[in-house]
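A.B. asks: Structure file protein_23.pdb (PDB, C-alpha atoms) right here:
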```
ATOM      1  CA  MET A   1      19.347  11.125  -8.900
ATOM      2  CA  ILE A   2      15.838  10.582  -7.552
ATOM      3  CA  LYS A   3      13.873  13.439  -6.022
ATOM      4  CA  TRP A   4      11.295  13.060  -3.268
ATOM      5  CA  GLU A   5       8.729  14.561  -5.659
ATOM      6  CA  HIS A   6       9.101  11.518  -7.915
ATOM      7  CA  SER A   7       7.427   9.348  -5.279
ATOM      8  CA  ILE A   8       4.901  11.993  -4.212
ATOM      9  CA  PHE A   9       3.240  11.976  -7.652
ATOM     10  CA  ALA A  10       1.594   8.565  -7.416
ATOM     11  CA  LEU A  11       1.785   7.710  -3.710
ATOM     12  CA  PRO A  12      -1.307   9.729  -2.622
ATOM     13  CA  PHE A  13      -3.343   8.076  -5.389
ATOM     14  CA  ALA A  14      -2.145   4.670  -4.205
ATOM     15  CA  LEU A  15      -3.188   5.551  -0.661
ATOM     16  CA  SER A  16      -6.556   6.707  -2.014
ATOM     17  CA  GLY A  17      -6.975   3.295  -3.653
ATOM     18  CA  ALA A  18      -6.073   1.574  -0.389
ATOM     19  CA  MET A  19      -8.585   3.615   1.595
ATOM     20  CA  LEU A  20     -11.340   3.052  -0.957
ATOM     21  CA  ALA A  21     -10.642  -0.684  -0.727
ATOM     22  CA  ALA A  22     -10.772  -0.611   3.072
ATOM     23  CA  GLY A  23     -13.711   1.780   3.261
ATOM     24  CA  GLY A  24     -11.551   3.823   5.626
ATOM     25  CA  LEU A  25      -8.117   3.173   7.078
ATOM     26  CA  PRO A  26      -6.302  -0.030   6.046
ATOM     27  CA  THR A  27      -4.298  -1.802   8.706
ATOM     28  CA  LEU A  28      -0.915  -0.394   9.726
ATOM     29  CA  HIS A  29       0.701  -3.512   8.253
ATOM     30  CA  GLN A  30      -0.948  -2.894   4.879
ATOM     31  CA  LEU A  31      -0.124   0.824   4.828
ATOM     32  CA  THR A  32       3.510   0.220   5.742
ATOM     33  CA  TRP A  33       4.149  -2.306   3.004
ATOM     34  CA  ILE A  34       2.141  -0.377   0.398
ATOM     35  CA  VAL A  35       4.323   2.685   1.019
ATOM     36  CA  ILE A  36       7.523   0.612   0.872
ATOM     37  CA  ALA A  37       6.359  -1.072  -2.330
ATOM     38  CA  MET A  38       5.453   2.261  -3.919
ATOM     39  CA  ILE A  39       8.731   3.992  -3.082
ATOM     40  CA  SER A  40      10.894   1.017  -4.077
ATOM     41  CA  ALA A  41       9.079   0.524  -7.397
ATOM     42  CA  ARG A  42       9.290   4.221  -8.245
ATOM     43  CA  SER A  43      12.970   4.333  -7.245
ATOM     44  CA  ALA A  44      13.708   1.302  -9.429
ATOM     45  CA  ALA A  45      11.857   2.891 -12.359
ATOM     46  CA  MET A  46      13.618   6.242 -12.074
ATOM     47  CA  ALA A  47      17.071   4.699 -11.690
ATOM     48  CA  PHE A  48      16.477   2.297 -14.585
ATOM     49  CA  ASN A  49      15.377   5.235 -16.708
ATOM     50  CA  ARG A  50      18.660   6.993 -15.943
ATOM     51  CA  VAL A  51      20.627   3.908 -17.007
ATOM     52  CA  ALA A  52      18.589   3.366 -20.176
ATOM     53  CA  ASP A  53      18.795   7.046 -21.159
ATOM     54  CA  ALA A  54      22.378   7.745 -20.092
ATOM     55  CA  ALA A  55      23.607   8.408 -23.642
ATOM     56  CA  ILE A  56      20.531  10.485 -24.490
ATOM     57  CA  ASP A  57      20.871  12.514 -21.290
ATOM     58  CA  ALA A  58      24.541  13.166 -22.045
ATOM     59  CA  ALA A  59      23.653  14.580 -25.475
ATOM     60  CA  ASN A  60      20.782  16.749 -24.231
ATOM     61  CA  PRO A  61      21.905  20.137 -22.825
ATOM     62  CA  ARG A  62      18.972  20.108 -20.392
ATOM     63  CA  THR A  63      19.890  16.744 -18.836
ATOM     64  CA  ARG A  64      23.660  16.417 -19.193
ATOM     65  CA  THR A  65      24.149  17.496 -15.570
ATOM     66  CA  ARG A  66      22.274  14.424 -14.299
ATOM     67  CA  ALA A  67      24.216  12.013 -12.127
ATOM     68  CA  LEU A  68      25.311   9.484 -14.771
ATOM     69  CA  PRO A  69      26.294  11.864 -17.602
ATOM     70  CA  ALA A  70      28.073  14.122 -15.095
ATOM     71  CA  GLY A  71      29.934  11.173 -13.578
ATOM     72  CA  THR A  72      28.568  11.795 -10.086
ATOM     73  CA  LEU A  73      27.383   8.179  -9.968
ATOM     74  CA  THR A  74      28.704   5.151 -11.835
ATOM     75  CA  PRO A  75      26.605   2.841 -14.045
ATOM     76  CA  THR A  76      27.513  -0.060 -11.735
ATOM     77  CA  PHE A  77      26.179   1.756  -8.679
ATOM     78  CA  VAL A  78      22.932   2.785 -10.397
ATOM     79  CA  THR A  79      22.373  -0.711 -11.811
ATOM     80  CA  THR A  80      22.919  -2.198  -8.352
ATOM     81  CA  PHE A  81      20.468   0.344  -6.960
ATOM     82  CA  VAL A  82      17.864  -0.819  -9.505
ATOM     83  CA  VAL A  83      18.341  -4.484  -8.562
ATOM     84  CA  VAL A  84      18.122  -3.768  -4.828
ATOM     85  CA  SER A  85      15.021  -1.581  -5.288
ATOM     86  CA  CYS A  86      13.340  -4.336  -7.331
ATOM     87  CA  ALA A  87      14.158  -6.894  -4.643
ATOM     88  CA  ILE A  88      12.686  -4.654  -1.944
ATOM     89  CA  PHE A  89       9.549  -4.212  -4.045
ATOM     90  CA  VAL A  90       9.038  -7.957  -4.500
ATOM     91  CA  PHE A  91       9.646  -8.526  -0.777
ATOM     92  CA  ALA A  92       7.113  -5.807   0.097
ATOM     93  CA  ALA A  93       4.561  -7.359  -2.279
ATOM     94  CA  ALA A  94       5.078 -10.719  -0.591
ATOM     95  CA  GLN A  95       4.213  -9.164   2.783
ATOM     96  CA  LEU A  96       0.792  -8.077   1.514
ATOM     97  CA  ASN A  97      -0.853 -11.117  -0.068
ATOM     98  CA  ARG A  98      -0.305 -13.871  -2.591
ATOM     99  CA  LEU A  99      -1.817 -11.988  -5.546
ATOM    100  CA  THR A 100       0.408  -8.943  -5.044
ATOM    101  CA  LEU A 101       3.427 -11.250  -5.007
ATOM    102  CA  TYR A 102       2.335 -13.019  -8.194
ATOM    103  CA  LEU A 103       1.717  -9.704  -9.964
ATOM    104  CA  SER A 104       4.946  -8.027  -8.815
ATOM    105  CA  PRO A 105       6.980  -9.121 -11.903
ATOM    106  CA  VAL A 106       4.241  -7.720 -14.157
ATOM    107  CA  VAL A 107       4.378  -4.397 -12.341
ATOM    108  CA  LEU A 108       8.170  -4.247 -12.625
ATOM    109  CA  ALA A 109       7.992  -5.010 -16.350
ATOM    110  CA  ILE A 110       5.553  -2.120 -16.867
ATOM    111  CA  VAL A 111       7.436   0.487 -14.833
ATOM    112  CA  LEU A 112      10.881  -0.465 -16.158
ATOM    113  CA  LEU A 113      10.186  -1.044 -19.844
ATOM    114  CA  TYR A 114       8.465   2.342 -20.192
ATOM    115  CA  SER A 115      11.944   3.835 -20.563
ATOM    116  CA  TYR A 116      12.314   2.379 -24.059
ATOM    117  CA  THR A 117       8.936   3.439 -25.479
ATOM    118  CA  LYS A 118      10.110   6.921 -26.463
ATOM    119  CA  ARG A 119      12.379   5.215 -28.982
ATOM    120  CA  PHE A 120       9.499   3.908 -31.101
ATOM    121  CA  THR A 121       6.160   5.571 -30.247
ATOM    122  CA  ARG A 122       4.889   9.099 -29.775
ATOM    123  CA  TRP A 123       2.415   7.747 -27.201
ATOM    124  CA  SER A 124       5.054   6.996 -24.570
ATOM    125  CA  HIS A 125       3.351   9.635 -22.400
ATOM    126  CA  LEU A 126       0.348   7.347 -21.997
ATOM    127  CA  VAL A 127       2.610   4.392 -21.201
ATOM    128  CA  LEU A 128       4.223   6.433 -18.431
ATOM    129  CA  GLY A 129       0.745   7.406 -17.276
ATOM    130  CA  PHE A 130      -0.280   3.762 -17.052
ATOM    131  CA  ALA A 131       2.935   2.895 -15.179
ATOM    132  CA  LEU A 132       1.859   5.302 -12.426
ATOM    133  CA  GLY A 133      -1.846   4.696 -12.963
ATOM    134  CA  ILE A 134      -1.652   1.083 -11.812
ATOM    135  CA  ALA A 135      -0.766   2.343  -8.310
ATOM    136  CA  PRO A 136      -4.356   2.709  -6.974
ATOM    137  CA  ALA A 137      -5.393  -0.649  -8.476
ATOM    138  CA  ALA A 138      -2.306  -2.299  -6.996
ATOM    139  CA  ALA A 139      -3.092  -0.772  -3.595
ATOM    140  CA  TRP A 140      -6.663  -2.063  -3.850
ATOM    141  CA  ILE A 141      -5.340  -5.570  -4.518
ATOM    142  CA  ALA A 142      -2.933  -5.158  -1.596
ATOM    143  CA  VAL A 143      -5.878  -4.520   0.736
ATOM    144  CA  ARG A 144      -8.557  -6.805  -0.731
ATOM    145  CA  GLY A 145      -6.540  -9.556  -2.411
ATOM    146  CA  SER A 146      -8.698  -9.131  -5.522
ATOM    147  CA  LEU A 147      -9.527  -6.476  -8.123
ATOM    148  CA  ASP A 148     -12.762  -4.473  -8.301
ATOM    149  CA  PRO A 149     -13.410  -2.894 -11.742
ATOM    150  CA  ARG A 150     -14.487   0.358 -10.065
ATOM    151  CA  ILE A 151     -10.917   1.166  -9.021
ATOM    152  CA  LEU A 152      -9.926   1.141 -12.701
ATOM    153  CA  LEU A 153     -11.673   4.518 -12.956
ATOM    154  CA  LEU A 154      -8.931   5.935 -10.740
ATOM    155  CA  THR A 155      -6.276   4.042 -12.697
ATOM    156  CA  ALA A 156      -7.534   5.648 -15.917
ATOM    157  CA  ALA A 157      -7.706   9.084 -14.249
ATOM    158  CA  VAL A 158      -4.086   8.878 -13.067
ATOM    159  CA  THR A 159      -3.018   7.597 -16.501
ATOM    160  CA  PHE A 160      -4.430  10.667 -18.265
ATOM    161  CA  TRP A 161      -3.188  12.997 -15.526
ATOM    162  CA  VAL A 162       0.407  11.792 -15.837
ATOM    163  CA  ALA A 163       0.240  11.645 -19.639
ATOM    164  CA  GLY A 164      -0.970  15.244 -19.700
ATOM    165  CA  PHE A 165       1.795  16.677 -17.574
ATOM    166  CA  ASP A 166       4.412  14.505 -19.319
ATOM    167  CA  VAL A 167       3.339  16.039 -22.646
ATOM    168  CA  LEU A 168       3.852  19.458 -21.058
ATOM    169  CA  TYR A 169       7.279  18.437 -19.792
ATOM    170  CA  ALA A 170       8.297  17.042 -23.199
ATOM    171  CA  CYS A 171       7.750  20.447 -24.781
ATOM    172  CA  GLN A 172      11.128  21.448 -23.319
ATOM    173  CA  ASP A 173      12.845  18.886 -25.534
ATOM    174  CA  TYR A 174      11.009  19.689 -28.778
ATOM    175  CA  GLU A 175      14.139  20.662 -30.735
ATOM    176  CA  PHE A 176      16.299  17.933 -29.211
ATOM    177  CA  ASP A 177      13.744  15.204 -29.916
ATOM    178  CA  ARG A 178      13.507  16.288 -33.554
ATOM    179  CA  ALA A 179      17.294  16.330 -33.975
ATOM    180  CA  SER A 180      17.764  12.981 -32.175
ATOM    181  CA  ASN A 181      14.818  11.157 -33.803
ATOM    182  CA  LEU A 182      13.168  10.549 -30.440
ATOM    183  CA  HIS A 183       9.412  10.163 -30.308
ATOM    184  CA  SER A 184       7.111  12.487 -28.402
ATOM    185  CA  LEU A 185       3.829  14.208 -29.124
ATOM    186  CA  PRO A 186       5.369  17.712 -29.172
ATOM    187  CA  ARG A 187       7.884  16.569 -31.772
ATOM    188  CA  TYR A 188       5.130  15.406 -34.137
ATOM    189  CA  VAL A 189       2.376  17.972 -33.567
ATOM    190  CA  GLY A 190       4.293  21.028 -32.396
ATOM    191  CA  ILE A 191       4.201  22.757 -29.035
ATOM    192  CA  PRO A 192       0.874  24.657 -29.413
ATOM    193  CA  THR A 193      -1.044  21.500 -30.377
ATOM    194  CA  ALA A 194       0.766  19.480 -27.711
ATOM    195  CA  LEU A 195      -0.432  21.924 -25.053
ATOM    196  CA  TRP A 196      -4.021  21.417 -26.235
ATOM    197  CA  ILE A 197      -3.591  17.633 -26.127
ATOM    198  CA  ALA A 198      -2.310  17.941 -22.547
ATOM    199  CA  ARG A 199      -5.427  19.956 -21.678
ATOM    200  CA  LEU A 200      -7.613  17.313 -23.301
ATOM    201  CA  PHE A 201      -5.914  14.547 -21.306
ATOM    202  CA  HIS A 202      -6.573  16.488 -18.111
ATOM    203  CA  LEU A 203     -10.218  17.013 -19.055
ATOM    204  CA  PHE A 204     -10.480  13.221 -19.414
ATOM    205  CA  MET A 205      -8.945  12.919 -15.949
ATOM    206  CA  ILE A 206     -11.512  15.253 -14.403
ATOM    207  CA  GLY A 207     -14.355  13.382 -16.102
ATOM    208  CA  LEU A 208     -13.098  10.108 -14.643
ATOM    209  CA  LEU A 209     -12.659  11.623 -11.188
ATOM    210  CA  ILE A 210     -16.232  12.927 -11.299
ATOM    211  CA  SER A 211     -17.403   9.338 -11.787
ATOM    212  CA  LEU A 212     -15.622   8.128  -8.625
ATOM    213  CA  PRO A 213     -18.071   9.540  -6.039
ATOM    214  CA  LEU A 214     -20.898   7.929  -8.003
ATOM    215  CA  ALA A 215     -19.136   4.555  -8.261
ATOM    216  CA  PHE A 216     -18.121   4.416  -4.588
ATOM    217  CA  GLY A 217     -20.978   6.312  -2.990
ATOM    218  CA  LEU A 218     -18.715   9.109  -1.770
ATOM    219  CA  GLY A 219     -20.029  12.387  -0.426
ATOM    220  CA  THR A 220     -19.556  16.142  -0.584
ATOM    221  CA  LEU A 221     -15.924  16.224   0.538
ATOM    222  CA  ALA A 222     -14.842  13.932  -2.298
ATOM    223  CA  ILE A 223     -16.724  16.092  -4.796
ATOM    224  CA  VAL A 224     -15.029  19.214  -3.408
ATOM    225  CA  GLY A 225     -11.701  17.411  -3.819
ATOM    226  CA  VAL A 226     -12.409  16.789  -7.501
ATOM    227  CA  MET A 227     -13.318  20.468  -7.915
ATOM    228  CA  ALA A 228     -10.056  21.477  -6.220
ATOM    229  CA  VAL A 229      -8.089  19.235  -8.579
ATOM    230  CA  ALA A 230      -9.821  20.850 -11.570
ATOM    231  CA  ILE A 231      -8.929  24.335 -10.325
ATOM    232  CA  LEU A 232      -5.301  23.361  -9.691
ATOM    233  CA  LEU A 233      -5.005  21.813 -13.156
ATOM    234  CA  ALA A 234      -6.403  24.978 -14.718
ATOM    235  CA  TYR A 235      -3.794  26.990 -12.824
ATOM    236  CA  GLU A 236      -1.060  24.561 -13.915
ATOM    237  CA  HIS A 237      -1.946  25.117 -17.557
ATOM    238  CA  SER A 238      -2.003  28.881 -17.041
ATOM    239  CA  LEU A 239       1.690  28.711 -16.155
ATOM    240  CA  VAL A 240       2.759  27.602 -19.633
ATOM    241  CA  SER A 241       2.187  28.839 -23.167
ATOM    242  CA  PRO A 242       3.780  28.138 -26.577
ATOM    243  CA  ARG A 243       5.799  31.345 -26.158
ATOM    244  CA  ASP A 244       6.835  30.837 -22.532
ATOM    245  CA  LEU A 245       7.863  27.487 -21.067
ATOM    246  CA  SER A 246       9.996  28.989 -18.307
ATOM    247  CA  LYS A 247       7.601  27.899 -15.544
ATOM    248  CA  LEU A 248       7.375  24.270 -16.628
ATOM    249  CA  ASN A 249       9.333  22.999 -13.638
ATOM    250  CA  ALA A 250       6.899  24.743 -11.279
ATOM    251  CA  ALA A 251       3.952  23.260 -13.199
ATOM    252  CA  PHE A 252       5.521  19.802 -13.330
ATOM    253  CA  PHE A 253       6.919  19.260  -9.841
ATOM    254  CA  THR A 254       5.162  21.651  -7.480
ATOM    255  CA  MET A 255       1.638  21.714  -8.868
ATOM    256  CA  ASN A 256       1.374  17.993  -9.586
ATOM    257  CA  GLY A 257       2.612  17.115  -6.116
ATOM    258  CA  VAL A 258      -0.025  19.455  -4.663
ATOM    259  CA  ILE A 259      -2.755  17.989  -6.894
ATOM    260  CA  SER A 260      -2.168  14.394  -5.779
ATOM    261  CA  VAL A 261      -1.983  15.321  -2.090
ATOM    262  CA  VAL A 262      -5.113  17.500  -2.240
ATOM    263  CA  PHE A 263      -7.106  14.713  -3.889
ATOM    264  CA  PHE A 264      -6.009  12.199  -1.274
ATOM    265  CA  VAL A 265      -6.799  14.511   1.650
ATOM    266  CA  PHE A 266     -10.376  15.118   0.475
ATOM    267  CA  VAL A 267     -11.066  11.460  -0.358
ATOM    268  CA  ALA A 268      -9.561  10.299   2.949
ATOM    269  CA  ALA A 269     -11.560  12.890   4.893
ATOM    270  CA  ASP A 270     -14.776  11.865   3.105
ATOM    271  CA  LEU A 271     -14.244   8.196   3.884
ATOM    272  CA  LEU A 272     -13.293   8.773   7.518
ATOM    273  CA  PHE A 273     -16.094  11.220   8.311
ATOM    274  CA  ARG A 274     -18.746   9.112   6.624
ATOM    275  CA  ARG A 275     -17.515   6.029   8.455
TER
END
```
Reformat the file's structure so that it appears as structure tokens.
C.D. replies:
Amino acid sequence: MIKWEHSIFALPFALSGAMLAAGGLPTLHQLTWIVIAMISARSAAMAFNRVADAAIDAANPRTRTRALPAGTLTPTFVTTFVVVSCAIFVFAAAQLNRLTLYLSPVVLAIVLLYSYTKRFTRWSHLVLGFALGIAPAAAWIAVRGSLDPRILLLTAAVTFWVAGFDVLYACQDYEFDRASNLHSLPRYVGIPTALWIARLFHLFMIGLLISLPLAFGLGTLAIVGVMAVAILLAYEHSLVSPRDLSKLNAAFFTMNGVISVVFFVFVAADLLFRR
């Protein structure tokens, strides 16, 4: 029901936020509970999405083999899984500091309620982006106990990154969304225009990432990391075209997992070497 890749997307960006907050390595205690919080929140969000979209997934030929429509898992089990994951997340937040605990219900509201946005707005891709984009800011708060506006640059970058690849992914459901009156950018603007919007979102992401070394006084390695992300995004977009969406899964899962890890490795190396 939940793939490892689903946590890989945002976790390296959260760890980047934690290391920027610490100016190097956070404590083992902080890292442990940040990782637990990230995985539990993402697991809760994915499972809740499966419950909320069970009827939609059953009607969509692409998704009817998922666990709930196929009957592999029961709604009771998945709902219980959501509740337990949420409880683990709140407990993990409480182990970090008081502000993370106080903000944990807000985070859960954002990551869970995203599932309903596709029913009324074509901009649900940006809502999903923000749900993952809060990860680096949350990790900063976990380390510092307060929020620095500079980390919001990374939040915005992740928001546009996720929104861009979610637009790409939604192109697969263009016909289904039209027939089912579901809202997505591809449904309203068509696949060719949607691909250009995804590229624009990713250009915004690169622009925001370029500002990070300036905001945090990072060095050459961080800049090289941003360049590597730009190259990987360009390759990701080369995999898809309006006439051929067959490589979307490779672009969505493989490339985006690589992008987040590559960015983290270069930022972490820059911080550790400079320190």
A.B. asks: Give me, as an MDAnalysis selection string, all polymer residues having an atom no more than 10 Å from Arg243 in chain A, counting only C-alpha atoms and skipping those fewer than 2 positions away in the same chain.
C.D. replies: chainID A and resid 191:192 240:241 245:246
A.B. asks: Any chance you could work out the residue set of the PyMOL selection byres ((chain A and resi 93) around 9) here, as a VMD selection string?
C.D. replies: chain A and resid 33 to 34 37 88 to 92 94 to 104 142
A.B. asks: With distances taken over all atoms listed in the file, which of A:Lys247, A:Lys3, A:Arg119, A:Arg66 is nearest to Cys171 in chain A?
C.D. replies: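 Closest to Cys171 in chain A, using all atoms listed in the file: A:Lys247.
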A.B. asks: Pull out every residue that the PyMOL selection byres ((chain A and resi 167) around 10) matches in the shown coordinates and put them as a list in words.
C.D. replies: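 When the PyMOL selection byres ((chain A and resi 167) around 10) is applied, the selected residues are Trp123, Ser124, His125, Leu126, Val162, Ala163, Gly164, Phe165, Asp166, Leu168, Tyr169, Ala170, Cys171, Gln172, Ser184, Leu185, Pro186, Ile191, Ala194, Leu195, Trp196, Ile197, Ala198, Arg199 and Phe201 of chain A.
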A.B. asks: Go ahead and write the selection's residues with C-alpha atoms as a short mmCIF file (atom, residue, chain, number, x, y, z; two decimals), in the frame of the given file.
C.D. replies:
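Contents of the output file result.cif:
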```
data_model
loop_
_atom_site.label_atom_id
_atom_site.label_comp_id
_atom_site.auth_asym_id
_atom_site.auth_seq_id
_atom_site.Cartn_x
_atom_site.Cartn_y
_atom_site.Cartn_z
CA TRP A 123 2.42 7.75 -27.20
CA SER A 124 5.05 7.00 -24.57
CA HIS A 125 3.35 9.64 -22.40
CA LEU A 126 0.35 7.35 -22.00
CA VAL A 162 0.41 11.79 -15.84
CA ALA A 163 0.24 11.64 -19.64
CA GLY A 164 -0.97 15.24 -19.70
CA PHE A 165 1.80 16.68 -17.57
CA ASP A 166 4.41 14.50 -19.32
CA LEU A 168 3.85 19.46 -21.06
CA TYR A 169 7.28 18.44 -19.79
CA ALA A 170 8.30 17.04 -23.20
CA CYS A 171 7.75 20.45 -24.78
CA GLN A 172 11.13 21.45 -23.32
CA SER A 184 7.11 12.49 -28.40
CA LEU A 185 3.83 14.21 -29.12
CA PRO A 186 5.37 17.71 -29.17
CA ILE A 191 4.20 22.76 -29.04
CA ALA A 194 0.77 19.48 -27.71
CA LEU A 195 -0.43 21.92 -25.05
CA TRP A 196 -4.02 21.42 -26.24
CA ILE A 197 -3.59 17.63 -26.13
CA ALA A 198 -2.31 17.94 -22.55
CA ARG A 199 -5.43 19.96 -21.68
CA PHE A 201 -5.91 14.55 -21.31
#
```
A.B. asks: Run the PyMOL selection byres ((chain A and resi 42) around 10) on the file and write out the hits as number ranges by chain.
C.D. replies: A: 2, 6-11, 36-41, 43-48, 85-86, 89, 108, 111-112, 131-132
A.B. asks: State, in Å with one decimal place, the distance from CA of Phe263 in chain A to CA of Val224 in chain A.
C.D. replies: 9.1 Å
A.B. asks: For the atom pair CA of Asp53 in chain A and CA of Ser115 in chain A, what is the interatomic distance in Å to one decimal place?
C.D. replies: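 It comes out at 7.6 Å.
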A.B. asks: Please identify all polymer residues within 9 Å of Leu271 in chain A, counting only C-alpha atoms, omitting same-chain residues fewer than 2 positions from it, and present them as a PyMOL selection string.
C.D. replies: chain A and resi 19-20+23-25+218-219+221-222+266-269+273-275
A.B. asks: Would you mind listing what lies within 12 Å of Ile210 in chain A as a list in words, with all atoms listed in the file counted and same-chain residues fewer than 2 positions away left out?
C.D. replies: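 Once the adjacent positions are removed, what remains is Leu153, Leu154, Ala157, Leu203, Phe204, Met205, Ile206, Gly207, Leu208, Leu212, Pro213, Leu214, Ala215, Phe216, Gly217, Leu218, Gly219, Thr220, Ala222, Ile223, Val224, Gly225, Val226, Met227, Ala228, Val229, Ala230 and Phe263 of chain A.
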A.B. asks: Please dump the current selection as a PDB file, in the frame of the given file; keep C-alpha atoms.
C.D. replies:
```
ATOM      1  CA  LEU A 153     -11.673   4.518 -12.956  1.00  0.00           C
ATOM      2  CA  LEU A 154      -8.931   5.935 -10.740  1.00  0.00           C
ATOM      3  CA  ALA A 157      -7.706   9.084 -14.249  1.00  0.00           C
ATOM      4  CA  LEU A 203     -10.218  17.013 -19.055  1.00  0.00           C
ATOM      5  CA  PHE A 204     -10.480  13.221 -19.414  1.00  0.00           C
ATOM      6  CA  MET A 205      -8.945  12.919 -15.949  1.00  0.00           C
ATOM      7  CA  ILE A 206     -11.512  15.253 -14.403  1.00  0.00           C
ATOM      8  CA  GLY A 207     -14.355  13.382 -16.102  1.00  0.00           C
ATOM      9  CA  LEU A 208     -13.098  10.108 -14.643  1.00  0.00           C
ATOM     10  CA  LEU A 212     -15.622   8.128  -8.625  1.00  0.00           C
ATOM     11  CA  PRO A 213     -18.071   9.540  -6.039  1.00  0.00           C
ATOM     12  CA  LEU A 214     -20.898   7.929  -8.003  1.00  0.00           C
ATOM     13  CA  ALA A 215     -19.136   4.555  -8.261  1.00  0.00           C
ATOM     14  CA  PHE A 216     -18.121   4.416  -4.588  1.00  0.00           C
ATOM     15  CA  GLY A 217     -20.978   6.312  -2.990  1.00  0.00           C
ATOM     16  CA  LEU A 218     -18.715   9.109  -1.770  1.00  0.00           C
ATOM     17  CA  GLY A 219     -20.029  12.387  -0.426  1.00  0.00           C
ATOM     18  CA  THR A 220     -19.556  16.142  -0.584  1.00  0.00           C
ATOM     19  CA  ALA A 222     -14.842  13.932  -2.298  1.00  0.00           C
ATOM     20  CA  ILE A 223     -16.724  16.092  -4.796  1.00  0.00           C
ATOM     21  CA  VAL A 224     -15.029  19.214  -3.408  1.00  0.00           C
ATOM     22  CA  GLY A 225     -11.701  17.411  -3.819  1.00  0.00           C
ATOM     23  CA  VAL A 226     -12.409  16.789  -7.501  1.00  0.00           C
ATOM     24  CA  MET A 227     -13.318  20.468  -7.915  1.00  0.00           C
ATOM     25  CA  ALA A 228     -10.056  21.477  -6.220  1.00  0.00           C
ATOM     26  CA  VAL A 229      -8.089  19.235  -8.579  1.00  0.00           C
ATOM     27  CA  ALA A 230      -9.821  20.850 -11.570  1.00  0.00           C
ATOM     28  CA  PHE A 263      -7.106  14.713  -3.889  1.00  0.00           C
TER      29      PHE A 263
END
```
A.B. asks: Go ahead and compute the interatomic distance for CA of Pro69 in chain A and CA of Val51 in chain A, in Å to one decimal.
C.D. replies: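 Taking CA of Pro69 in chain A and CA of Val51 in chain A, their separation equals 9.8 Å.
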A.B. asks: Of the residues A:Asn256, A:Met1, A:Leu200, A:Ala52, which is the one nearest to Gly71 in chain A, using all atoms listed in the file?
C.D. replies: A:Met1
A.B. asks: N, CA, C and O atoms are needed for range 188-198 of chain A; please write them out as a short mmCIF file (atom, residue, chain, number, x, y, z; two decimals), in the frame of the given file.
C.D. replies:
```cif
data_model
loop_
_atom_site.label_atom_id
_atom_site.label_comp_id
_atom_site.auth_asym_id
_atom_site.auth_seq_id
_atom_site.Cartn_x
_atom_site.Cartn_y
_atom_site.Cartn_z
N TYR A 188 5.94 15.69 -32.96
CA TYR A 188 5.13 15.41 -34.14
C TYR A 188 4.08 16.48 -34.42
O TYR A 188 3.77 16.76 -35.58
N VAL A 189 3.51 17.05 -33.35
CA VAL A 189 2.38 17.97 -33.57
C VAL A 189 2.73 19.42 -33.29
O VAL A 189 1.92 20.31 -33.56
N GLY A 190 3.92 19.67 -32.74
CA GLY A 190 4.29 21.03 -32.40
C GLY A 190 3.85 21.39 -30.98
O GLY A 190 2.94 20.76 -30.42
N ILE A 191 4.47 22.39 -30.42
CA ILE A 191 4.20 22.76 -29.04
C ILE A 191 2.78 23.28 -28.83
O ILE A 191 2.10 22.85 -27.88
N PRO A 192 2.25 24.18 -29.67
CA PRO A 192 0.87 24.66 -29.41
C PRO A 192 -0.16 23.54 -29.39
O PRO A 192 -1.01 23.48 -28.48
N THR A 193 -0.09 22.61 -30.35
CA THR A 193 -1.04 21.50 -30.38
C THR A 193 -0.81 20.56 -29.21
O THR A 193 -1.77 20.02 -28.62
N ALA A 194 0.46 20.35 -28.85
CA ALA A 194 0.77 19.48 -27.71
C ALA A 194 0.16 20.02 -26.43
O ALA A 194 -0.34 19.25 -25.59
N LEU A 195 0.17 21.33 -26.25
CA LEU A 195 -0.43 21.92 -25.05
C LEU A 195 -1.94 21.67 -25.02
O LEU A 195 -2.51 21.42 -23.95
N TRP A 196 -2.58 21.71 -26.18
CA TRP A 196 -4.02 21.42 -26.24
C TRP A 196 -4.30 19.94 -25.96
O TRP A 196 -5.30 19.60 -25.32
N ILE A 197 -3.42 19.06 -26.42
CA ILE A 197 -3.59 17.63 -26.13
C ILE A 197 -3.44 17.39 -24.63
O ILE A 197 -4.20 16.60 -24.04
N ALA A 198 -2.48 18.07 -24.00
CA ALA A 198 -2.31 17.94 -22.55
C ALA A 198 -3.58 18.40 -21.82
O ALA A 198 -4.02 17.76 -20.86
#
```
